[in-house]
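Reading through the C-alpha cells given below for one structure.
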Amino acid sequence: MTTRYRVEFASARPAGKFSLFQRAFNAQTNRSQIEWIKGLLAVPFVLHSQPTAVYQEHSENLVAVAADTHQRYAEIFRDVEKLIDDHIDHERNAAPGKSKLKLLVPTAGSFFSRLPIEDAFKYQDTKRMISRRRFVAPSFNDIRLILNTAQLLGLVRGPGLDLVTFDGDVTLYDDGACLTPDNPAIPRIIRLLHQGVRIGIVTAAGYTEGAKYYERLKGLLDAVHDSPSLTPAQKDGLVVMGGESNFLFRFDSASPHRLTYVPRPEWLLDEMKAWKQEDITELLDIAESSLRACASNLNLPVAVLRKDRAVGVYPYDRSKIHREQLEETVLVVQNTVERSVVGTRLPFCAFNGGNDVFVDIGDKSWGVRACQRYFGGIERSHTLHVGDQFLSAGANDFKARLASTTAWIASPSETVQLLDELEELQKAEKNRS
C-alpha cells in the first residue's frame with residue numbers, strides 16, 4: 001500500500017511551510033485531506049465512468065460498471081484507513097516515529113479515534129450514489145461527508161460519545177439568527193441529553209450576561225427547561241462557552257434566563273490560569289490598532305468594538321463587506337499579533353465572522369477542552385465538535401481539531417442530518433452487537 005501511493009505523496013508537496021500531505025494528516029478533517037483523497041479517486045472515475053454510455057441502452061452494463069467502480073473506490077478508502085490505523089498503533093506502542101505515515105510525513109499528528117473510512121464510504125455511497133455517477137466525479141462534499149461518517153463510526157464503535165460541542169452560527173442556526181423553538185436540531189440535542197451525552201455550545205459570541213445567550217438560544221434552553229422526561233442531572237449536562245473559551249454558563253432551571261455564570265476558577269485549565277491580564281490587554285491593544293489600520297486602508301464602513309476578552313470590527317450601516325476584504329483583515333491582524341512578543345505568549349483567534357472580524361483570547365480548542373474539564377475530564381477521543389468554519393482565513397472551528405474529533409458541516413440542515421445519522425449508526429451498532 002505504501003508503494004502504491006508513494007508517487008502521489010511525493011508529487012503533492014508544493015512549496016511552502018507544509019506539504020499537502022502534511023496538512024492533510026495534521027488534522028483529522030480538513031481541506032487538504034479531502035483534496036488528497038479526491039485526487040486518489042480521480043483515476044478510477046476516469047477509467048470506469050463510460051460517459052458515452054446511454055442509460056436506457058446499457059443499463060445492465062452500467063450496473064456492472066458501477067459495481068466495479070464501487071469496489072475500486074472502496075479499495076482506495078481501505079488503503080487510506082490502513083495507513084491511519086498503522087499510525088495509531090505505533091503511537092499506542094510508544095513508537096510514533098516508526099509508522100508508515102510518520103516515515104512519509106515527519107510532522108504527522110495524532111488521531112483521537114479510528115476512522116473506518118471504507119465503511120463510511122459504503123454508507124454514503126448508498127445515499128449519494130457516488131460510484132454510479134458517470135459525469136460527476138467524487139466531489140469535495142462527497143468526501144467531506146464520508147469523513148464525517150467515519151468520525152461517527154469511530155466514536156460509535158470505539159470509545160463512545162460523552163460530549164458533543166456545537167458552533168452556533170451556520171451550525172445550529174443561520175448566520176446572525178437565533179435558535180428558535182421550531183429548530184429541528186432541538187429534539188436531536190435533547191435526545192443526546194437523554195443518552196447522558198453532555199452538550200456544549202461553543203460560540204464566538206462573547207457576552208458576559210446569561211440574558212444575551214438566552215436571546216440567541218431561547219428555543220433550546222426553554223425546551224430543556226420544559227422537558228418532562230429529562231432528569232435534573234441530564235439538564236445539567238448543557239453548558240454554553242462564550243467568546244470561544246472565555247465565559248462559561250451552565251443550564252439553570254431556576255434562572256429566568258435558564259443560564260448561570262460559572263466562575264472561572266471552576267473550569268479554567270491549568271495553562272489558562274497562567275494568562276496574565278496585562279498580556280491580554282496588550283494583545284487586544286495590538287489587535288485593535290491593526291484592525292483600525294485595515295479599516296482605513298481598505299476603506300471599510302466599520303465600527304470598532306472592544307470587549308473584556310475580544311476586539312473586532314463590524315459594519316455600522318449594515319452594509320455587506322466583501323469576503324476578500326474580511327479575509328485580508330483577518331490575515332493582516334493575525335500576522336501582526338503573531339509577530340508581537342505577547343502574541344508568542346498568549347493564544348488568540350482572529351476570524352472572519354461572515355460580515356465582521358474579531359480577535360478573541362484563546363480559541364475553540366481551549367473552549368472544548370474547558371468543557372471537557374468542567375464535566376469531570378472527558379477524553380478527547382470521547383468528544384465530537386460540530387462546526388462550519390474549517391476553510392476560510394482564521395476559521396475558528398478548525399482549532400477544535402486539537403481537542404476532539406470534528407465534523408465539518410456546511411449548514412444547519414447538515415447538522416440535523418449528522419445527528420440523525422449518528423442515531424442510525426448507534427442503532428445499527430447496537431443491533432450488530
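By order of appearance in the C-alpha cells: chains A, B, ..., then residues from 1 within every chain, and ligands from 1 in the order shown.
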
For region 301-317 of chain A: contacts at 7 Å, only C-alpha atoms, fewer than 6 positions along chain excluded, given as a PyMOL selection string: chain A and resi 284+288+295+355-361

DSSP says alpha helix (DSSP H) for which residues of region 238-372 of chain A? Put them as a PyMOL selection string? chain A and resi 270-273+277-297+323-339+341-345+364-372

Distance query Val65 (chain A) at most 7 Å, only C-alpha atoms, self and fewer than 4 positions along chain excluded, as a list in words: His48, Asn61 and Thr69 of chain A

Using only C-alpha atoms, pick whichever of A:Val202, A:Met129, A:Ala185, A:Ala211 has the shortest atom-to-atom distance to Ala223 (chain A). A:Ala185

Selected residue, from A:Ser296, A:Ser413, A:Gln389, A:Gln234, that lies nearest to Leu172 (chain A) when counting only C-alpha atoms: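 Under the stated criterion, the closest residue is A:Ser413.
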
If we count only C-alpha atoms, what is near Ala274 (chain A) at a cut-off of 12 Å, once residues fewer than 4 positions away on the same chain are taken out, given as a list of chain:residue names? A:Leu268, A:Leu269, A:Asp270, A:Glu278, A:Asp279, A:Ile280, A:Arg345, A:Leu346, A:Pro347

Leaving out region 416-424 of chain A and any residue of its chain fewer than 6 positions from it, which residues lie within 7 Å of it when counting only C-alpha atoms, given as a PyMOL selection string? chain A and resi 152+184-185+188

Find the residues around region 255-264 of chain A up to 6 Å (only C-alpha atoms counted), leave out those fewer than 5 positions away in its own chain, and share them as a ChimeraX atom specification. /A:210-211,214,248-250

Env of Asn335 (chain A): 12 Å cut, atoms = only C-alpha atoms, seq-sep filter 2 positions within chain, self excluded. Answer as a ChimeraX atom specification. /A:286-287,290-291,328-333,337-340,343-344,348-350,393-394

Looking at only C-alpha atoms, which of A:Ala42, A:Leu47, A:Asn297, A:Leu221 is the one that sits closest to Gln325 (chain A)? A:Asn297

CA of Pro159 (chain A) and CA of Ser381 (chain A) are how many Å apart?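 Between CA of Pro159 (chain A) and CA of Ser381 (chain A) the gap is 6.8 Å.
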
Length of the CA of His382 (chain A) to CA of Lys427 (chain A) vector [Å]: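 CA of Lys427 (chain A) lies 18.1 Å from CA of His382 (chain A).
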